Every structure is written in C-alpha cells, then in structure tokens.
Amino acid sequence: MISFIWAEDQNGLIGANGQLPWHLADDMKYFKQTTMGHPIVSGARTFRSYNRPLPGRENIVVSRQHDFPEGVVVVSSIADLNRLITANPGQNYFVTGGANLFSQLLTQVDRLYRTKIAHSFTGDTYMPTIDYTNFELVSSIDGVVNEQNPYPHVFEVFERN
Ligand SMILES: NC(=O)c1ccc[n+]([C@@H]2O[C@H](COP(=O)([O-])OP(=O)(O)OC[C@H]3O[C@@H](n4cnc5c(N)ncnc54)[C@H](OP(=O)(O)O)[C@@H]3O)[C@@H](O)[C@H]2O)c1
C-alpha cells in the first residue's frame, strides 16, 4: 500500500527554496515515529534537501540521476516504483514528497497523513489538489504548541473510501 505523509500550511504550501518553509519540532518527531521501520519514497529534490538516508527505514529515491549516497535505492520511473511496491504487498510505502512526486501518485494513494499548520508562510511549492471526497478522516490529533512549536497544528489521517 501507499501512504502520503506531509505538512502543509493553511494555503497548502509545502516548500520554499527546496526546503520546508518552517521549523516545527513536533512534526519532525511525528514524521520520525510514523515512518520508522517502513520504506520511505522521496522525489530527488526532497531527498537532496537532507541528502542522507534516514536511519531505520529503507530509503527509496525516484530520480533519473544516480549520484545518491550509499544505502539509497534509486528507481528511475513510477513504473519501476510500482513494480517494487507490487512485489512487497505487506509493506506500507510512505511517500514523503515533494509536490512533483505526490502529483504522480495521487490516483494510487491509500492513506494520507496530513499535518495541517494554522499559519500562512511564504514559499514556492504547493501540495497538489486532493479530492477529499474520496477519503474519510479517521484520526485527528492536535499537536503541542510551545516555544519550539509556535504554530498550532493538527495531525490528521485519512483512509481512501
Ligand atoms: N512540507 C512537506 O511535508 C514537504 C514534503 C516533501 C517535500 N517538501 C518540499 O517540496 C519541495 C520539493 O518538491 P518538488 O515537487 O520540487 O520535487 P520532488 O517531488 O521532491 O522531486 C522532483 C524530482 O524527482 C524526480 N522525479 C519525479 N518524478 C519522477 C519520475 N516519474 N521518474 C524519474 N524521476 C522522477 C526528478 O528528479 P531528477 O531530475 O533527479 O530525475 C524530479 O525533478 C522542497 O521545497 C521540499 O522541502 C515539503
């Protein structure tokens, strides 16, 4: 199965200059605990924003290039990615973005892990439009707001109907 995991601001913004537009420690912690032990799939631009395999997870990068650090599995097309996913039916593949990769997998995704941040940031990359009538909200948990996490945010999970 395929899950998306991402954080967006109140306008659907997800990126700025190849990076996240915000620093939100609570969301980083949520990302880590949710994806730990599962394969993660990233577009090349997203992977290069941290440029090292994340520990405890199989790191798959979708790219036509091959110059990635050791420990990364590179797939060069969505067809190759789908072959990998089909060959491992028991796995939950977490697609971590960015917008380009999400948009190509919109029709296939089974579950959405969305962090919604109640703030407006500036940036250049937006989440592609998702038809939420195809999904049901199954969980919604408010994140912690404190000095390290100044923006109200909610962790939501949607399942495809
Ligand atoms: N807020 C969040 O949760 C979140 C999550 C993820 C990313 N982001 C942000 O989003 C931005 C990056 O997103 P993006 O949309 O620009 O890029 P992206 O989706 O991360 O990467 C796009 C690149 O992936 C490769 N690729 C995509 N589809 C492919 C295919 N079918 N076959 C082969 N290669 C393929 C290509 O790289 P090659 O040129 O190497 O082939 C393409 O240029 C950054 O600002 C990042 O910080 C935010």
# chains A, B, ... in the order shown; residues from 1 in each chain; ligands from 1
>>> residues_near_ligand(ligand="ligand 1", cutoff="7 Å", atoms="only C-alpha atoms and all ligand atoms", output="MDAnalysis selection string")
chainID A and resid 5:8 14:20 42:47 49 62:65 76:78 96:102 125
>>> write_last_selection(atoms="N, CA and C atoms", output="compact mmCIF listing (two decimals), in the first residue's frame")
# COMPACT_ATOMS: atom_id res chain seq x y z
N ILE A 5 2.78 11.26 3.40
CA ILE A 5 2.96 11.98 4.66
C ILE A 5 3.58 13.34 4.35
N TRP A 6 2.92 14.39 4.83
CA TRP A 6 3.43 15.74 4.56
C TRP A 6 2.83 16.73 5.56
N ALA A 7 3.38 17.93 5.56
CA ALA A 7 2.82 19.03 6.34
C ALA A 7 2.54 20.18 5.39
N GLU A 8 1.41 20.84 5.59
CA GLU A 8 1.09 21.99 4.73
C GLU A 8 0.57 23.13 5.59
N ILE A 14 3.90 23.79 0.85
CA ILE A 14 4.74 22.75 1.48
C ILE A 14 6.24 23.03 1.38
N GLY A 15 6.66 23.91 0.46
CA GLY A 15 8.10 24.09 0.27
C GLY A 15 8.49 25.52 -0.06
N ALA A 16 9.74 25.84 0.25
CA ALA A 16 10.31 27.16 -0.06
C ALA A 16 11.79 26.98 -0.37
N ASN A 17 12.19 27.30 -1.58
CA ASN A 17 13.61 27.21 -1.96
C ASN A 17 14.22 25.85 -1.70
N GLY A 18 13.46 24.79 -1.99
CA GLY A 18 14.00 23.44 -1.81
C GLY A 18 14.01 22.95 -0.38
N GLN A 19 13.44 23.71 0.54
CA GLN A 19 13.41 23.33 1.96
C GLN A 19 11.97 23.43 2.47
N LEU A 20 11.79 23.06 3.74
CA LEU A 20 10.50 23.29 4.38
C LEU A 20 10.40 24.79 4.72
N SER A 42 10.98 9.14 -1.82
CA SER A 42 11.11 10.59 -1.96
C SER A 42 11.47 10.96 -3.38
N GLY A 43 10.97 12.11 -3.82
CA GLY A 43 11.45 12.70 -5.06
C GLY A 43 12.88 13.19 -4.87
N ALA A 44 13.60 13.32 -5.98
CA ALA A 44 15.01 13.68 -5.90
C ALA A 44 15.23 15.03 -5.20
N ARG A 45 14.38 16.00 -5.48
CA ARG A 45 14.57 17.32 -4.85
C ARG A 45 14.37 17.25 -3.35
N THR A 46 13.38 16.49 -2.93
CA THR A 46 13.13 16.34 -1.49
C THR A 46 14.29 15.61 -0.83
N PHE A 47 14.76 14.52 -1.46
CA PHE A 47 15.89 13.79 -0.86
C PHE A 47 17.11 14.69 -0.74
N SER A 49 17.27 17.71 -0.21
CA SER A 49 17.14 18.74 0.82
C SER A 49 17.77 18.28 2.14
N VAL A 62 13.17 8.53 -6.13
CA VAL A 62 12.74 8.49 -7.53
C VAL A 62 13.54 9.56 -8.28
N SER A 63 14.34 9.12 -9.24
CA SER A 63 15.22 10.07 -9.96
C SER A 63 15.74 9.44 -11.25
N ARG A 64 16.05 10.29 -12.19
CA ARG A 64 16.73 9.83 -13.40
C ARG A 64 18.25 9.90 -13.22
N GLN A 65 18.68 10.44 -12.10
CA GLN A 65 20.12 10.54 -11.78
C GLN A 65 20.52 9.34 -10.90
N SER A 76 14.02 4.74 -11.30
CA SER A 76 14.11 5.79 -12.32
C SER A 76 12.77 6.09 -12.99
N SER A 77 11.69 5.48 -12.50
CA SER A 77 10.36 5.77 -13.08
C SER A 77 9.28 5.34 -12.10
N ILE A 78 8.06 5.84 -12.32
CA ILE A 78 6.92 5.41 -11.49
C ILE A 78 6.64 3.92 -11.77
N THR A 96 7.09 10.63 0.83
CA THR A 96 7.38 11.82 1.64
C THR A 96 7.42 13.10 0.81
N GLY A 97 7.02 13.02 -0.46
CA GLY A 97 7.01 14.21 -1.31
C GLY A 97 8.18 14.24 -2.25
N GLY A 98 8.34 15.38 -2.94
CA GLY A 98 7.54 16.58 -2.82
C GLY A 98 6.32 16.61 -3.73
N ALA A 99 5.94 17.83 -4.09
CA ALA A 99 4.72 18.05 -4.86
C ALA A 99 4.73 17.27 -6.18
N ASN A 100 5.87 17.26 -6.83
CA ASN A 100 6.00 16.59 -8.12
C ASN A 100 5.70 15.09 -7.98
N LEU A 101 6.31 14.46 -7.01
CA LEU A 101 6.09 13.02 -6.81
C LEU A 101 4.67 12.75 -6.32
N PHE A 102 4.17 13.55 -5.37
CA PHE A 102 2.80 13.36 -4.90
C PHE A 102 1.82 13.40 -6.08
N THR A 125 6.26 26.01 -3.36
CA THR A 125 5.80 24.67 -3.71
C THR A 125 4.53 24.34 -2.92
>>> select_by_dssp(residues="chain A", states="helix (DSSP H, G or I)", output="VMD selection string")
chain A and resid 25 to 35 44 to 50 78 to 87 99 to 105 132 to 134
>>> write_last_selection(atoms="N, CA, C and O atoms", output="short mmCIF file (atom, residue, chain, number, x, y, z; two decimals), in the first residue's frame")
data_model
loop_
_atom_site.label_atom_id
_atom_site.label_comp_id
_atom_site.auth_asym_id
_atom_site.auth_seq_id
_atom_site.Cartn_x
_atom_site.Cartn_y
_atom_site.Cartn_z
N ALA A 25 9.37 21.25 15.42
CA ALA A 25 9.98 20.06 16.02
C ALA A 25 8.96 18.94 16.24
O ALA A 25 9.26 17.76 16.03
N ASP A 26 7.76 19.33 16.64
CA ASP A 26 6.71 18.33 16.92
C ASP A 26 6.38 17.52 15.65
O ASP A 26 6.14 16.31 15.71
N ASP A 27 6.38 18.19 14.50
CA ASP A 27 6.08 17.49 13.25
C ASP A 27 7.23 16.59 12.82
O ASP A 27 7.02 15.51 12.27
N MET A 28 8.47 17.03 13.08
CA MET A 28 9.63 16.19 12.76
C MET A 28 9.56 14.89 13.58
O MET A 28 9.83 13.80 13.06
N LYS A 29 9.18 15.05 14.85
CA LYS A 29 9.05 13.89 15.74
C LYS A 29 7.94 12.96 15.23
O LYS A 29 8.11 11.74 15.19
N TYR A 30 6.82 13.54 14.82
CA TYR A 30 5.69 12.75 14.31
C TYR A 30 6.10 12.00 13.04
O TYR A 30 5.79 10.82 12.86
N PHE A 31 6.81 12.70 12.14
CA PHE A 31 7.28 12.09 10.90
C PHE A 31 8.16 10.88 11.22
O PHE A 31 7.99 9.79 10.64
N LYS A 32 9.08 11.09 12.17
CA LYS A 32 10.02 10.02 12.51
C LYS A 32 9.28 8.81 13.09
O LYS A 32 9.48 7.68 12.65
N GLN A 33 8.40 9.06 14.05
CA GLN A 33 7.74 7.91 14.69
C GLN A 33 6.75 7.22 13.77
O GLN A 33 6.56 6.01 13.84
N THR A 34 6.15 7.97 12.85
CA THR A 34 5.17 7.37 11.94
C THR A 34 5.85 6.53 10.86
O THR A 34 5.35 5.47 10.47
N THR A 35 6.98 7.01 10.35
CA THR A 35 7.63 6.32 9.23
C THR A 35 8.63 5.27 9.67
O THR A 35 9.03 4.42 8.84
N ALA A 44 13.60 13.32 -5.98
CA ALA A 44 15.01 13.68 -5.90
C ALA A 44 15.23 15.03 -5.20
O ALA A 44 16.15 15.18 -4.39
N ARG A 45 14.38 16.00 -5.48
CA ARG A 45 14.57 17.32 -4.85
C ARG A 45 14.37 17.25 -3.35
O ARG A 45 15.12 17.86 -2.58
N THR A 46 13.38 16.49 -2.93
CA THR A 46 13.13 16.34 -1.49
C THR A 46 14.29 15.61 -0.83
O THR A 46 14.80 16.04 0.21
N PHE A 47 14.76 14.52 -1.46
CA PHE A 47 15.89 13.79 -0.86
C PHE A 47 17.11 14.69 -0.74
O PHE A 47 17.78 14.72 0.28
N ARG A 48 17.37 15.49 -1.78
CA ARG A 48 18.58 16.32 -1.75
C ARG A 48 18.47 17.44 -0.71
O ARG A 48 19.48 18.04 -0.33
N SER A 49 17.27 17.71 -0.21
CA SER A 49 17.14 18.74 0.82
C SER A 49 17.77 18.28 2.14
O SER A 49 18.11 19.10 2.98
N TYR A 50 17.92 16.95 2.33
CA TYR A 50 18.68 16.46 3.50
C TYR A 50 19.85 15.59 3.09
O TYR A 50 20.84 15.47 3.81
N ILE A 78 8.06 5.84 -12.32
CA ILE A 78 6.92 5.41 -11.49
C ILE A 78 6.64 3.92 -11.77
O ILE A 78 6.28 3.18 -10.86
N ALA A 79 6.86 3.49 -13.01
CA ALA A 79 6.64 2.06 -13.33
C ALA A 79 7.56 1.18 -12.49
O ALA A 79 7.13 0.16 -11.94
N ASP A 80 8.82 1.57 -12.36
CA ASP A 80 9.77 0.80 -11.54
C ASP A 80 9.35 0.83 -10.07
O ASP A 80 9.45 -0.17 -9.36
N LEU A 81 8.90 1.99 -9.62
CA LEU A 81 8.44 2.11 -8.23
C LEU A 81 7.26 1.17 -8.01
O LEU A 81 7.21 0.45 -7.01
N ASN A 82 6.33 1.15 -8.94
CA ASN A 82 5.15 0.30 -8.80
C ASN A 82 5.51 -1.18 -8.82
O ASN A 82 4.89 -1.98 -8.11
N ARG A 83 6.54 -1.54 -9.57
CA ARG A 83 6.99 -2.94 -9.58
C ARG A 83 7.48 -3.33 -8.17
O ARG A 83 7.18 -4.41 -7.66
N LEU A 84 8.24 -2.41 -7.57
CA LEU A 84 8.76 -2.65 -6.22
C LEU A 84 7.62 -2.78 -5.21
O LEU A 84 7.61 -3.69 -4.37
N ILE A 85 6.65 -1.89 -5.31
CA ILE A 85 5.52 -1.89 -4.37
C ILE A 85 4.68 -3.16 -4.53
O ILE A 85 4.31 -3.81 -3.55
N THR A 86 4.44 -3.54 -5.78
CA THR A 86 3.63 -4.73 -6.05
C THR A 86 4.33 -5.99 -5.56
O THR A 86 3.68 -6.94 -5.11
N ALA A 87 5.66 -5.99 -5.60
CA ALA A 87 6.42 -7.17 -5.17
C ALA A 87 6.44 -7.30 -3.65
O ALA A 87 6.86 -8.33 -3.11
N ALA A 99 5.94 17.83 -4.09
CA ALA A 99 4.72 18.05 -4.86
C ALA A 99 4.73 17.27 -6.18
O ALA A 99 3.72 16.67 -6.58
N ASN A 100 5.87 17.26 -6.83
CA ASN A 100 6.00 16.59 -8.12
C ASN A 100 5.70 15.09 -7.98
O ASN A 100 4.89 14.53 -8.71
N LEU A 101 6.31 14.46 -7.01
CA LEU A 101 6.09 13.02 -6.81
C LEU A 101 4.67 12.75 -6.32
O LEU A 101 4.00 11.84 -6.82
N PHE A 102 4.17 13.55 -5.37
CA PHE A 102 2.80 13.36 -4.90
C PHE A 102 1.82 13.40 -6.08
O PHE A 102 0.90 12.58 -6.16
N SER A 103 2.00 14.36 -6.99
CA SER A 103 1.02 14.55 -8.06
C SER A 103 0.95 13.31 -8.96
O SER A 103 -0.11 12.99 -9.50
N GLN A 104 2.07 12.59 -9.10
CA GLN A 104 2.08 11.40 -9.96
C GLN A 104 1.48 10.17 -9.28
O GLN A 104 1.22 9.16 -9.95
N LEU A 105 1.29 10.24 -7.97
CA LEU A 105 0.79 9.07 -7.23
C LEU A 105 -0.59 9.30 -6.62
O LEU A 105 -1.10 8.46 -5.88
N TYR A 132 -10.80 15.22 -1.47
CA TYR A 132 -11.03 14.58 -0.17
C TYR A 132 -12.37 13.86 -0.08
O TYR A 132 -12.61 13.14 0.89
N THR A 133 -13.24 14.02 -1.10
CA THR A 133 -14.49 13.25 -1.07
C THR A 133 -14.19 11.75 -1.26
O THR A 133 -15.02 10.90 -0.96
N ASN A 134 -12.98 11.44 -1.74
CA ASN A 134 -12.58 10.04 -1.90
C ASN A 134 -11.97 9.45 -0.62
O ASN A 134 -11.57 8.29 -0.61
#
>>> residues_around(residues="Arg111 of chain A", least_positions_apart="2", cutoff="6 Å", atoms="only C-alpha atoms", output="number ranges by chain")
A: 3, 109, 158-159
>>> closest_residue(among="A:Pro89, A:Pro53, A:Gly123, A:Pro39", to="Pro69 of chain A", atoms="only C-alpha atoms")
A:Pro53
>>> select_by_dssp(residues="segment 12-105 of chain A", states="strand (DSSP E or B)", output="number ranges by chain")
A: 13-16, 19, 40-43, 59-62, 72-75, 93-95
>>> write_last_selection(atoms="C-alpha atoms", output="short mmCIF file (atom, residue, chain, number, x, y, z; two decimals), in the first residue's frame")
data_model
loop_
_atom_site.label_atom_id
_atom_site.label_comp_id
_atom_site.auth_asym_id
_atom_site.auth_seq_id
_atom_site.Cartn_x
_atom_site.Cartn_y
_atom_site.Cartn_z
CA LEU A 13 2.12 25.48 0.89
CA ILE A 14 4.74 22.75 1.48
CA GLY A 15 8.10 24.09 0.27
CA ALA A 16 10.31 27.16 -0.06
CA GLN A 19 13.41 23.33 1.96
CA ILE A 40 10.06 5.85 2.51
CA VAL A 41 9.87 7.11 -1.08
CA SER A 42 11.11 10.59 -1.96
CA GLY A 43 11.45 12.70 -5.06
CA ASN A 59 15.21 4.96 1.59
CA ILE A 60 13.91 4.91 -1.98
CA VAL A 61 14.53 7.92 -4.23
CA VAL A 62 12.74 8.49 -7.53
CA VAL A 72 19.73 4.64 -1.06
CA VAL A 73 17.64 2.64 -3.53
CA VAL A 74 17.16 4.66 -6.72
CA VAL A 75 14.20 3.97 -9.00
CA TYR A 93 5.30 2.67 1.42
CA PHE A 94 5.41 6.20 2.84
CA VAL A 95 5.74 8.77 0.06
#
>>> atom_distance(atom1="atom CA of Asn88 of chain A", atom2="atom CA of Glu58 of chain A")
12.7 Å
